[in-house]
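Coordinates from work_37.pdb are shown below (PDB, C-alpha atoms, pLDDT in the B column).
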MODEL        1
ATOM      1  CA  MET Q   1      -2.146  19.929 -22.535  1.00 38.00           C
ATOM      2  CA  PRO Q   2       0.554  20.314 -19.828  1.00 46.00           C
ATOM      3  CA  ILE Q   3      -2.085  21.905 -17.583  1.00 41.00           C
ATOM      4  CA  PHE Q   4      -4.464  19.030 -18.285  1.00 37.00           C
ATOM      5  CA  GLY Q   5      -1.744  16.494 -17.425  1.00 42.00           C
ATOM      6  CA  ALA Q   6      -0.898  18.248 -14.190  1.00 48.00           C
ATOM      7  CA  GLY Q   7      -4.576  18.340 -13.262  1.00 55.00           C
ATOM      8  CA  LEU Q   8      -4.921  14.620 -13.916  1.00 56.00           C
ATOM      9  CA  HIS Q   9      -1.899  13.844 -11.748  1.00 58.00           C
ATOM     10  CA  PHE Q  10      -3.339  15.999  -8.961  1.00 66.00           C
ATOM     11  CA  LEU Q  11      -6.722  14.265  -9.258  1.00 74.00           C
ATOM     12  CA  LEU Q  12      -5.062  10.865  -8.909  1.00 73.00           C
ATOM     13  CA  ALA Q  13      -3.250  12.091  -5.820  1.00 75.00           C
ATOM     14  CA  ILE Q  14      -6.558  13.288  -4.340  1.00 79.00           C
ATOM     15  CA  LEU Q  15      -8.207   9.914  -5.004  1.00 76.00           C
ATOM     16  CA  CYS Q  16      -5.312   8.143  -3.305  1.00 75.00           C
ATOM     17  CA  ALA Q  17      -5.496  10.597  -0.400  1.00 78.00           C
ATOM     18  CA  VAL Q  18      -9.196   9.845   0.062  1.00 77.00           C
ATOM     19  CA  HIS Q  19      -8.319   6.137   0.208  1.00 75.00           C
ATOM     20  CA  VAL Q  20      -5.642   6.904   2.824  1.00 74.00           C
ATOM     21  CA  VAL Q  21      -8.141   8.680   5.082  1.00 70.00           C
ATOM     22  CA  ARG Q  22     -10.999   6.208   4.602  1.00 68.00           C
ATOM     23  CA  THR Q  23      -8.872   3.134   5.283  1.00 65.00           C
ATOM     24  CA  GLY Q  24      -6.907   4.617   8.175  1.00 65.00           C
ATOM     25  CA  ARG Q  25      -3.498   4.432   6.494  1.00 69.00           C
ATOM     26  CA  PRO Q  26      -0.551   6.305   8.029  1.00 74.00           C
ATOM     27  CA  LEU Q  27      -0.857  10.020   7.329  1.00 70.00           C
ATOM     28  CA  TYR Q  28       2.685  10.289   5.981  1.00 73.00           C
ATOM     29  CA  TRP Q  29       1.156   8.969   2.740  1.00 74.00           C
ATOM     30  CA  LEU Q  30      -0.602  12.318   2.341  1.00 75.00           C
ATOM     31  CA  LEU Q  31       2.722  14.109   2.417  1.00 75.00           C
ATOM     32  CA  ILE Q  32       4.180  11.717  -0.159  1.00 78.00           C
ATOM     33  CA  LEU Q  33       1.154  12.024  -2.431  1.00 72.00           C
ATOM     34  CA  PHE Q  34       1.133  15.811  -2.579  1.00 71.00           C
ATOM     35  CA  LEU Q  35       4.873  16.404  -2.614  1.00 74.00           C
ATOM     36  CA  PHE Q  36       5.310  13.845  -5.410  1.00 75.00           C
ATOM     37  CA  PRO Q  37       1.872  13.602  -7.067  1.00 66.00           C
ATOM     38  CA  VAL Q  38       2.946  11.327  -9.934  1.00 72.00           C
ATOM     39  CA  LEU Q  39       5.496   9.056  -8.304  1.00 75.00           C
ATOM     40  CA  GLY Q  40       3.637   9.087  -4.990  1.00 73.00           C
ATOM     41  CA  SER Q  41       0.393   7.952  -6.612  1.00 74.00           C
ATOM     42  CA  VAL Q  42       2.136   5.156  -8.505  1.00 74.00           C
ATOM     43  CA  VAL Q  43       3.901   3.918  -5.375  1.00 75.00           C
ATOM     44  CA  TYR Q  44       0.686   4.087  -3.332  1.00 70.00           C
ATOM     45  CA  PHE Q  45      -1.249   2.219  -6.015  1.00 68.00           C
ATOM     46  CA  VAL Q  46       1.287  -0.613  -6.214  1.00 66.00           C
ATOM     47  CA  ALA Q  47       2.259  -0.848  -2.528  1.00 66.00           C
ATOM     48  CA  VAL Q  48      -1.086  -0.226  -0.820  1.00 69.00           C
ATOM     49  CA  TRP Q  49      -4.137  -0.251  -3.046  1.00 65.00           C
ATOM     50  CA  LEU Q  50      -3.397  -3.154  -5.399  1.00 59.00           C
ATOM     51  CA  PRO Q  51      -2.678  -5.757  -2.647  1.00 60.00           C
ATOM     52  CA  THR Q  52      -6.145  -5.089  -1.166  1.00 55.00           C
ATOM     53  CA  THR Q  53      -8.054  -5.719  -4.377  1.00 54.00           C
ATOM     54  CA  ARG Q  54      -9.881  -8.895  -5.320  1.00 50.00           C
ATOM     55  CA  LEU Q  55      -7.767  -9.129  -8.478  1.00 48.00           C
ATOM     56  CA  GLN Q  56      -4.589  -9.374  -6.419  1.00 51.00           C
ATOM     57  CA  ARG Q  57      -6.126 -11.965  -4.099  1.00 52.00           C
ATOM     58  CA  HIS Q  58      -7.275 -13.991  -7.113  1.00 52.00           C
ATOM     59  CA  ALA Q  59      -3.821 -13.823  -8.640  1.00 51.00           C
ATOM     60  CA  ARG Q  60      -2.273 -15.181  -5.446  1.00 51.00           C
ATOM     61  CA  LYS Q  61      -4.830 -17.983  -5.414  1.00 54.00           C
ATOM     62  CA  ALA Q  62      -4.033 -18.874  -9.007  1.00 51.00           C
ATOM     63  CA  VAL Q  63      -0.309 -19.054  -8.260  1.00 48.00           C
ATOM     64  CA  SER Q  64      -1.022 -21.249  -5.236  1.00 52.00           C
ATOM     65  CA  ALA Q  65      -3.273 -23.476  -7.322  1.00 51.00           C
ATOM     66  CA  ALA Q  66      -0.533 -23.957  -9.896  1.00 48.00           C
ATOM     67  CA  GLY Q  67       1.930 -24.928  -7.182  1.00 50.00           C
ATOM     68  CA  ARG Q  68      -0.527 -27.410  -5.688  1.00 49.00           C
ATOM     69  CA  ALA Q  69      -1.077 -29.021  -9.078  1.00 51.00           C
ATOM     70  CA  ILE Q  70       2.657 -29.699  -9.381  1.00 52.00           C
ATOM     71  CA  ASP Q  71       3.171 -30.862  -5.790  1.00 61.00           C
ATOM     72  CA  PRO Q  72      -0.070 -30.976  -3.757  1.00 68.00           C
ATOM     73  CA  GLN Q  73       1.693 -31.651  -0.437  1.00 83.00           C
ATOM     74  CA  ARG Q  74       4.583 -29.203  -0.749  1.00 88.00           C
ATOM     75  CA  GLU Q  75       2.975 -26.400   1.267  1.00 91.00           C
ATOM     76  CA  VAL Q  76       1.678 -28.871   3.871  1.00 92.00           C
ATOM     77  CA  ARG Q  77       5.219 -30.182   4.408  1.00 93.00           C
ATOM     78  CA  ALA Q  78       6.637 -26.685   4.603  1.00 92.00           C
ATOM     79  CA  ALA Q  79       3.947 -25.625   7.056  1.00 90.00           C
ATOM     80  CA  ARG Q  80       4.546 -28.663   9.278  1.00 92.00           C
ATOM     81  CA  GLU Q  81       8.271 -27.949   9.310  1.00 93.00           C
ATOM     82  CA  ALA Q  82       7.704 -24.301  10.183  1.00 92.00           C
ATOM     83  CA  LEU Q  83       5.326 -25.271  12.995  1.00 90.00           C
ATOM     84  CA  ALA Q  84       7.803 -27.795  14.390  1.00 92.00           C
ATOM     85  CA  GLU Q  85      10.578 -25.205  14.406  1.00 93.00           C
ATOM     86  CA  MET Q  86       8.424 -22.412  15.809  1.00 91.00           C
ATOM     87  CA  PRO Q  87       5.013 -23.425  17.259  1.00 88.00           C
ATOM     88  CA  THR Q  88       3.315 -20.057  16.845  1.00 85.00           C
ATOM     89  CA  ALA Q  89      -0.323 -19.266  16.082  1.00 82.00           C
ATOM     90  CA  GLN Q  90       0.721 -17.925  12.689  1.00 84.00           C
ATOM     91  CA  ASN Q  91       2.404 -21.203  11.751  1.00 88.00           C
ATOM     92  CA  GLN Q  92      -0.563 -23.177  13.064  1.00 90.00           C
ATOM     93  CA  LEU Q  93      -2.802 -21.087  10.812  1.00 89.00           C
ATOM     94  CA  ARG Q  94      -0.468 -21.661   7.884  1.00 91.00           C
ATOM     95  CA  LEU Q  95      -0.763 -25.409   8.412  1.00 93.00           C
ATOM     96  CA  ALA Q  96      -4.550 -25.252   8.676  1.00 93.00           C
ATOM     97  CA  THR Q  97      -4.780 -23.310   5.425  1.00 92.00           C
ATOM     98  CA  ALA Q  98      -2.359 -25.653   3.645  1.00 93.00           C
ATOM     99  CA  LEU Q  99      -4.289 -28.727   4.749  1.00 94.00           C
ATOM    100  CA  PHE Q 100      -7.557 -27.258   3.522  1.00 94.00           C
ATOM    101  CA  GLU Q 101      -6.094 -26.270   0.157  1.00 91.00           C
ATOM    102  CA  ALA Q 102      -4.644 -29.765  -0.180  1.00 91.00           C
ATOM    103  CA  GLY Q 103      -8.132 -31.232   0.213  1.00 90.00           C
ATOM    104  CA  ASP Q 104      -7.813 -32.613   3.771  1.00 95.00           C
ATOM    105  CA  ALA Q 105     -10.741 -30.762   5.327  1.00 95.00           C
ATOM    106  CA  ALA Q 106     -10.924 -32.949   8.460  1.00 96.00           C
ATOM    107  CA  ALA Q 107      -7.264 -32.349   9.346  1.00 96.00           C
ATOM    108  CA  ALA Q 108      -7.668 -28.658   8.489  1.00 95.00           C
ATOM    109  CA  ALA Q 109     -10.611 -28.411  10.884  1.00 96.00           C
ATOM    110  CA  GLN Q 110      -8.486 -29.837  13.708  1.00 95.00           C
ATOM    111  CA  ALA Q 111      -5.683 -27.398  12.890  1.00 94.00           C
ATOM    112  CA  TYR Q 112      -8.096 -24.468  12.888  1.00 94.00           C
ATOM    113  CA  GLU Q 113      -9.393 -25.590  16.273  1.00 93.00           C
ATOM    114  CA  ALA Q 114      -5.852 -25.380  17.628  1.00 91.00           C
ATOM    115  CA  CYS Q 115      -5.656 -21.799  16.301  1.00 90.00           C
ATOM    116  CA  LEU Q 116      -8.874 -20.928  18.124  1.00 90.00           C
ATOM    117  CA  GLN Q 117      -7.587 -22.020  21.536  1.00 86.00           C
ATOM    118  CA  GLY Q 118      -5.312 -19.029  22.085  1.00 74.00           C
ATOM    119  CA  PRO Q 119      -5.376 -15.254  21.690  1.00 77.00           C
ATOM    120  CA  PHE Q 120      -6.840 -15.534  18.185  1.00 79.00           C
ATOM    121  CA  ALA Q 121     -10.023 -17.254  19.339  1.00 83.00           C
ATOM    122  CA  LYS Q 122     -12.118 -14.339  18.070  1.00 86.00           C
ATOM    123  CA  ASP Q 123     -10.160 -13.689  14.876  1.00 90.00           C
ATOM    124  CA  HIS Q 124     -12.631 -13.407  12.008  1.00 91.00           C
ATOM    125  CA  GLU Q 125     -10.406 -14.906   9.323  1.00 91.00           C
ATOM    126  CA  ILE Q 126      -9.559 -17.928  11.455  1.00 92.00           C
ATOM    127  CA  ARG Q 127     -13.179 -18.525  12.389  1.00 94.00           C
ATOM    128  CA  PHE Q 128     -14.191 -18.223   8.742  1.00 95.00           C
ATOM    129  CA  GLY Q 129     -11.474 -20.698   7.761  1.00 95.00           C
ATOM    130  CA  ALA Q 130     -12.656 -23.094  10.455  1.00 96.00           C
ATOM    131  CA  ALA Q 131     -16.263 -22.808   9.270  1.00 97.00           C
ATOM    132  CA  ARG Q 132     -15.205 -23.506   5.699  1.00 97.00           C
ATOM    133  CA  ALA Q 133     -13.316 -26.626   6.775  1.00 97.00           C
ATOM    134  CA  TYR Q 134     -16.228 -27.775   8.947  1.00 98.00           C
ATOM    135  CA  VAL Q 135     -18.664 -27.543   6.029  1.00 97.00           C
ATOM    136  CA  GLU Q 136     -16.360 -29.530   3.765  1.00 96.00           C
ATOM    137  CA  CYS Q 137     -15.936 -32.358   6.289  1.00 96.00           C
ATOM    138  CA  GLY Q 138     -19.599 -32.508   7.318  1.00 96.00           C
ATOM    139  CA  ARG Q 139     -19.394 -30.775  10.699  1.00 97.00           C
ATOM    140  CA  ASP Q 140     -22.243 -28.462   9.796  1.00 98.00           C
ATOM    141  CA  ALA Q 141     -23.395 -27.591  13.316  1.00 98.00           C
ATOM    142  CA  ASP Q 142     -19.895 -26.373  14.227  1.00 97.00           C
ATOM    143  CA  ALA Q 143     -19.718 -24.395  10.987  1.00 97.00           C
ATOM    144  CA  LEU Q 144     -23.095 -22.781  11.563  1.00 97.00           C
ATOM    145  CA  ARG Q 145     -22.096 -21.650  15.053  1.00 96.00           C
ATOM    146  CA  HIS Q 146     -19.071 -19.758  13.742  1.00 95.00           C
ATOM    147  CA  LEU Q 147     -20.903 -18.331  10.741  1.00 97.00           C
ATOM    148  CA  GLU Q 148     -23.769 -16.970  12.800  1.00 96.00           C
ATOM    149  CA  ASP Q 149     -21.301 -15.415  15.250  1.00 95.00           C
ATOM    150  CA  LEU Q 150     -19.474 -13.762  12.342  1.00 95.00           C
ATOM    151  CA  ARG Q 151     -22.686 -12.430  10.854  1.00 95.00           C
ATOM    152  CA  ARG Q 152     -23.831 -11.038  14.182  1.00 95.00           C
ATOM    153  CA  GLU Q 153     -20.501  -9.460  15.151  1.00 93.00           C
ATOM    154  CA  ARG Q 154     -19.388  -8.134  11.746  1.00 92.00           C
ATOM    155  CA  PRO Q 155     -22.118  -8.340   9.087  1.00 93.00           C
ATOM    156  CA  GLU Q 156     -19.946  -6.941   6.282  1.00 93.00           C
ATOM    157  CA  PHE Q 157     -17.140  -9.489   6.718  1.00 93.00           C
ATOM    158  CA  ARG Q 158     -16.984 -11.747   3.614  1.00 94.00           C
ATOM    159  CA  ALA Q 159     -20.756 -11.340   3.459  1.00 95.00           C
ATOM    160  CA  ASP Q 160     -21.212 -13.256   0.206  1.00 95.00           C
ATOM    161  CA  GLN Q 161     -19.100 -16.247   1.257  1.00 96.00           C
ATOM    162  CA  VAL Q 162     -20.578 -16.360   4.760  1.00 97.00           C
ATOM    163  CA  SER Q 163     -24.072 -16.429   3.289  1.00 97.00           C
ATOM    164  CA  VAL Q 164     -23.279 -19.292   0.903  1.00 98.00           C
ATOM    165  CA  LEU Q 165     -21.482 -21.299   3.593  1.00 98.00           C
ATOM    166  CA  ARG Q 166     -24.354 -20.740   6.011  1.00 98.00           C
ATOM    167  CA  ALA Q 167     -26.796 -22.057   3.404  1.00 98.00           C
ATOM    168  CA  ARG Q 168     -24.627 -25.136   2.841  1.00 98.00           C
ATOM    169  CA  ALA Q 169     -24.423 -25.772   6.593  1.00 98.00           C
ATOM    170  CA  LEU Q 170     -28.193 -25.471   6.948  1.00 98.00           C
ATOM    171  CA  ALA Q 171     -28.649 -27.904   4.072  1.00 98.00           C
ATOM    172  CA  GLY Q 172     -26.222 -30.328   5.712  1.00 97.00           C
ATOM    173  CA  LEU Q 173     -28.288 -30.201   8.902  1.00 97.00           C
ATOM    174  CA  GLY Q 174     -31.461 -31.037   6.993  1.00 97.00           C
ATOM    175  CA  ARG Q 175     -32.954 -27.568   7.502  1.00 97.00           C
ATOM    176  CA  THR Q 176     -34.070 -27.509   3.886  1.00 97.00           C
ATOM    177  CA  GLN Q 177     -36.476 -24.576   3.956  1.00 97.00           C
ATOM    178  CA  GLU Q 178     -33.986 -22.311   5.742  1.00 98.00           C
ATOM    179  CA  ALA Q 179     -31.200 -23.412   3.411  1.00 98.00           C
ATOM    180  CA  GLY Q 180     -33.286 -22.594   0.350  1.00 97.00           C
ATOM    181  CA  ALA Q 181     -34.121 -19.155   1.716  1.00 98.00           C
ATOM    182  CA  GLU Q 182     -30.451 -18.430   2.460  1.00 98.00           C
ATOM    183  CA  PHE Q 183     -29.311 -19.630  -0.975  1.00 98.00           C
ATOM    184  CA  ALA Q 184     -31.966 -17.482  -2.642  1.00 98.00           C
ATOM    185  CA  ALA Q 185     -30.946 -14.457  -0.568  1.00 97.00           C
ATOM    186  CA  ALA Q 186     -27.258 -14.943  -1.417  1.00 97.00           C
ATOM    187  CA  GLU Q 187     -27.988 -15.249  -5.130  1.00 97.00           C
ATOM    188  CA  ARG Q 188     -30.301 -12.248  -5.119  1.00 96.00           C
ATOM    189  CA  ARG Q 189     -28.006 -10.013  -3.081  1.00 95.00           C
ATOM    190  CA  PHE Q 190     -24.573 -10.928  -4.461  1.00 95.00           C
ATOM    191  CA  GLY Q 191     -25.177 -12.682  -7.797  1.00 94.00           C
ATOM    192  CA  THR Q 192     -21.709 -14.253  -7.803  1.00 94.00           C
ATOM    193  CA  TYR Q 193     -20.912 -17.387  -9.766  1.00 95.00           C
ATOM    194  CA  GLU Q 194     -20.284 -19.227  -6.489  1.00 96.00           C
ATOM    195  CA  ALA Q 195     -23.669 -18.195  -5.065  1.00 97.00           C
ATOM    196  CA  LYS Q 196     -25.484 -19.312  -8.216  1.00 97.00           C
ATOM    197  CA  ALA Q 197     -23.522 -22.562  -8.496  1.00 97.00           C
ATOM    198  CA  GLU Q 198     -24.009 -23.564  -4.868  1.00 98.00           C
ATOM    199  CA  TYR Q 199     -27.712 -22.720  -5.114  1.00 98.00           C
ATOM    200  CA  ALA Q 200     -27.931 -24.882  -8.237  1.00 98.00           C
ATOM    201  CA  ILE Q 201     -26.151 -27.762  -6.494  1.00 98.00           C
ATOM    202  CA  TRP Q 202     -28.696 -27.560  -3.676  1.00 98.00           C
ATOM    203  CA  ALA Q 203     -31.591 -27.338  -6.160  1.00 98.00           C
ATOM    204  CA  TYR Q 204     -30.377 -30.447  -8.012  1.00 97.00           C
ATOM    205  CA  ALA Q 205     -30.068 -32.322  -4.705  1.00 97.00           C
ATOM    206  CA  THR Q 206     -33.558 -31.367  -3.524  1.00 97.00           C
ATOM    207  CA  GLY Q 207     -35.283 -31.946  -6.856  1.00 96.00           C
ATOM    208  CA  ASP Q 208     -36.135 -28.287  -7.448  1.00 97.00           C
ATOM    209  CA  ARG Q 209     -36.003 -28.601 -11.232  1.00 96.00           C
ATOM    210  CA  ALA Q 210     -37.277 -25.119 -12.021  1.00 97.00           C
ATOM    211  CA  THR Q 211     -34.599 -23.434  -9.926  1.00 97.00           C
ATOM    212  CA  SER Q 212     -31.787 -25.711 -11.082  1.00 97.00           C
ATOM    213  CA  ALA Q 213     -32.735 -25.191 -14.745  1.00 97.00           C
ATOM    214  CA  ARG Q 214     -32.838 -21.408 -14.387  1.00 97.00           C
ATOM    215  CA  LEU Q 215     -29.522 -21.251 -12.570  1.00 97.00           C
ATOM    216  CA  GLN Q 216     -27.811 -23.702 -14.926  1.00 97.00           C
ATOM    217  CA  GLU Q 217     -28.847 -21.570 -17.893  1.00 97.00           C
ATOM    218  CA  GLU Q 218     -27.376 -18.471 -16.226  1.00 96.00           C
ATOM    219  CA  LEU Q 219     -24.167 -20.295 -15.298  1.00 96.00           C
ATOM    220  CA  ASP Q 220     -23.770 -21.597 -18.839  1.00 95.00           C
ATOM    221  CA  ARG Q 221     -23.925 -18.006 -20.109  1.00 94.00           C
ATOM    222  CA  ILE Q 222     -21.257 -16.825 -17.650  1.00 93.00           C
ATOM    223  CA  GLU Q 223     -18.595 -19.491 -18.190  1.00 91.00           C
ATOM    224  CA  PRO Q 224     -17.655 -18.850 -21.865  1.00 90.00           C
ATOM    225  CA  GLY Q 225     -16.475 -15.333 -21.044  1.00 87.00           C
ATOM    226  CA  TRP Q 226     -14.011 -16.449 -18.377  1.00 89.00           C
ATOM    227  CA  LYS Q 227     -10.290 -15.856 -18.500  1.00 86.00           C
ATOM    228  CA  ALA Q 228      -7.932 -18.629 -17.407  1.00 82.00           C
ATOM    229  CA  LEU Q 229      -7.718 -17.163 -13.902  1.00 79.00           C
ATOM    230  CA  ALA Q 230     -11.479 -17.262 -13.342  1.00 85.00           C
ATOM    231  CA  ARG Q 231     -11.648 -20.810 -14.700  1.00 87.00           C
ATOM    232  CA  GLU Q 232      -8.935 -21.947 -12.287  1.00 84.00           C
ATOM    233  CA  LEU Q 233     -10.554 -20.298  -9.282  1.00 85.00           C
ATOM    234  CA  ASN Q 234     -13.988 -21.757  -9.979  1.00 90.00           C
ATOM    235  CA  ALA Q 235     -12.830 -25.261 -10.897  1.00 91.00           C
ATOM    236  CA  PRO Q 236     -13.744 -26.877  -7.524  1.00 91.00           C
ATOM    237  CA  VAL Q 237     -17.332 -25.638  -7.472  1.00 95.00           C
ATOM    238  CA  GLN Q 238     -17.686 -26.511 -11.156  1.00 95.00           C
ATOM    239  CA  ARG Q 239     -16.722 -30.120 -10.421  1.00 95.00           C
ATOM    240  CA  ARG Q 240     -19.324 -30.308  -7.659  1.00 96.00           C
ATOM    241  CA  LEU Q 241     -21.915 -28.723  -9.942  1.00 96.00           C
ATOM    242  CA  ARG Q 242     -21.297 -31.275 -12.698  1.00 96.00           C
ATOM    243  CA  ALA Q 243     -21.546 -34.126 -10.195  1.00 96.00           C
ATOM    244  CA  ALA Q 244     -24.826 -32.768  -8.808  1.00 96.00           C
ATOM    245  CA  ARG Q 245     -26.223 -32.389 -12.305  1.00 96.00           C
ATOM    246  CA  GLU Q 246     -25.269 -35.949 -13.250  1.00 96.00           C
ATOM    247  CA  ARG Q 247     -26.834 -37.373 -10.089  1.00 95.00           C
ATOM    248  CA  ALA Q 248     -30.071 -35.515 -10.790  1.00 94.00           C
ATOM    249  CA  ALA Q 249     -30.250 -36.641 -14.425  1.00 87.00           C
TER     250      ALA Q 249
ENDMDL
END
Give the structure from this file in C-alpha cells form.
Amino acid sequence: MPIFGAGLHFLLAILCAVHVVRTGRPLYWLLILFLFPVLGSVVYFVAVWLPTTRLQRHARKAVSAAGRAIDPQREVRAAREALAEMPTAQNQLRLATALFEAGDAAAAAQAYEACLQGPFAKDHEIRFGAARAYVECGRDADALRHLEDLRRERPEFRADQVSVLRARALAGLGRTQEAGAEFAAAERRFGTYEAKAEYAIWAYATGDRATSARLQEELDRIEPGWKALARELNAPVQRRLRAARERAA
C-alpha cells in the first residue's frame, strides 16, 4: 500500500508537470513538483490549475451576481472612482465590464470603445466584450465586425460564445438564413445550454415551430438537474427564452 500511495503521488506530479509544459508555465514548477510530489501537486492544483478552470470562472460569476443583486451599481461606482483616480486601460476595462454586468449595454459599448483606442486595440478579451455589448444594445454590424476578426485571427478563442454571438448579430441584421445556419452549427458543435437556448429564441422569433419545439424539449430536460450555480449563471438567457416563448404562443 505505501508503494501504491507513492506511485499515485508521483503520477499526480507527472500530470501537473505535463500541464506546466503544455501551458508554458515557469519551469521552476517542475522542480517543486518532483522535489515535493505531494505538497507541490496540491499547491500547483490550487494556485495554477484551479483558477483556469470553468468551475472557478463560474464561481466568480456567481459571487459577482450575488453582489449585483444586493447593490447593482456598487461595482460601477467603484470602477468610476478607480478610473477617475487612475485613468488606465485596466480601469477603463473594469468600468466597461461593470456597466455591462449592471445591464447598461449602451454605456458599456462606449466604455469598451475607449479601451480599444490604445495599445489594447487588438486584445481578444476586450474585443469580445465590446462585441457582446454591441449585440445587447442593437449595434449588430459593429459586433459582427469584431466577431469575424476574432474568428479569423484566433479560431479557438471562446469558440462557442463567439459562434452564438455571431448568430445573434446576423439575426439582428436581418440575415435570417445565415443566422439559422450559425445557430445550428453552434448547437451541433458545442451543445451548450446557451447555444440551445439562443437557437430556440431565434426559432420562436422566426416561427420555426419544429426547431423551437425540439430545443425546448431538450432544454426542459436539462434544467431540473442544475445546481444553484448553474441556475444563477443561466438566469438571463432563461428570462429571454421565456419571453420569446410567450410572444410566440
Could you put an axis-aligned box around every listed atom of segment 194-200 of chain Q, padded by 4 Å on each side, and send me its centre and edge lengths in Å to one decimal, as JSON?
{"center_x": -24.1, "center_y": -21.5, "center_z": -6.7, "size_x": 15.6, "size_y": 14.7, "size_z": 11.6}
* To do: Identify all residues satisfying the PyMOL selection byres ((chain Q and resi 167) around 6) in the given file; provide them as number ranges by chain.
  => Q: 164-166, 168-170, 179, 182-183
If we count only C-alpha atoms, what is near segment 192-202 of chain Q at a cut-off of 6 Å, once residues fewer than 5 positions away on the same chain are taken out, given as a PDB file with C-alpha atoms, keeping the file's coordinate frame?
ATOM      1  CA  PHE Q 183     -29.311 -19.630  -0.975  1.00 98.00           C
ATOM      2  CA  GLU Q 187     -27.988 -15.249  -5.130  1.00 97.00           C
ATOM      3  CA  SER Q 212     -31.787 -25.711 -11.082  1.00 97.00           C
ATOM      4  CA  LEU Q 215     -29.522 -21.251 -12.570  1.00 97.00           C
ATOM      5  CA  LEU Q 241     -21.915 -28.723  -9.942  1.00 96.00           C
ATOM      6  CA  ALA Q 244     -24.826 -32.768  -8.808  1.00 96.00           C
TER       7      ALA Q 244
END
* Which of these, Q:Arg139, Q:Arg175, Q:His124, Q:Arg240, has the shortest distance to Arg154 of chain Q once you count all atoms listed in the file? ->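 The answer is Q:His124, which sits nearest to Arg154 of chain Q.
Taking atom CA of Pro236 of chain Q and atom CA of Ala79 of chain Q as endpoints, the distance between them is 23.0 Å.
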* **d(atom CA of Glu136 of chain Q, atom CA of Ala105 of chain Q) in Å** => 6.0 Å
* Ref. answer, residues at most 9 Å from (-4.1, 10.3, -3.9) with all atoms listed in the file, as a list in words ->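 With a cut-off of 9 Å, the residues come to His9, Phe10, Leu11, Leu12, Ala13, Ile14, Leu15, Cys16, Ala17, Val18, His19, Val20, Trp29, Leu30, Leu33, Phe34, Pro37, Gly40, Ser41, Tyr44 and Phe45 of chain Q.
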* Would you mind reading off the distance between atom CA of Ile222 of chain Q and atom CA of Asp208 of chain Q, one decimal, in Å? => 21.4 Å
* To do: Write out as a ChimeraX atom specification which residues come within 12 Å of Glu153 of chain Q when counting only C-alpha atoms, dropping same-chain ones fewer than 4 positions away.
  => /Q:122-124,127,146-149,157,159
Taking C-alpha atoms for each residue, export the selection above as a short mmCIF file (atom, residue, chain, number, x, y, z; two decimals), keeping the file's coordinate frame.
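This is the output file out.cif:
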data_model
loop_
_atom_site.label_atom_id
_atom_site.label_comp_id
_atom_site.auth_asym_id
_atom_site.auth_seq_id
_atom_site.Cartn_x
_atom_site.Cartn_y
_atom_site.Cartn_z
CA LYS Q 122 -12.12 -14.34 18.07
CA ASP Q 123 -10.16 -13.69 14.88
CA HIS Q 124 -12.63 -13.41 12.01
CA ARG Q 127 -13.18 -18.52 12.39
CA HIS Q 146 -19.07 -19.76 13.74
CA LEU Q 147 -20.90 -18.33 10.74
CA GLU Q 148 -23.77 -16.97 12.80
CA ASP Q 149 -21.30 -15.42 15.25
CA PHE Q 157 -17.14 -9.49 6.72
CA ALA Q 159 -20.76 -11.34 3.46
#
* Could you give me, as a PyMOL selection string, the residues that have an atom at most 12 Å away from the point (3.2, -26.8, 4.5) in the coordinates of the file, using only C-alpha atoms? => chain Q and resi 64+67-68+71-84+91-102+108
* So, counting all atoms listed in the file, which residue among Q:Ala205, Q:Ala181, Q:Ala89, Q:Leu173 is closest to Arg242 of chain Q? -> Q:Ala205
* Residue nearest Val237 of chain Q among Q:Leu219, Q:Phe128, Q:Ala109, Q:Gln90 (counting all atoms listed in the file) -> Q:Leu219
* **Of the listed residues Q:Ala210, Q:Ala111, Q:Ala106, Q:Ala203, that which approaches Ile126 of chain Q most closely, counting only C-alpha atoms** =>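 For Ile126 of chain Q, the nearest of the candidates is Q:Ala111.
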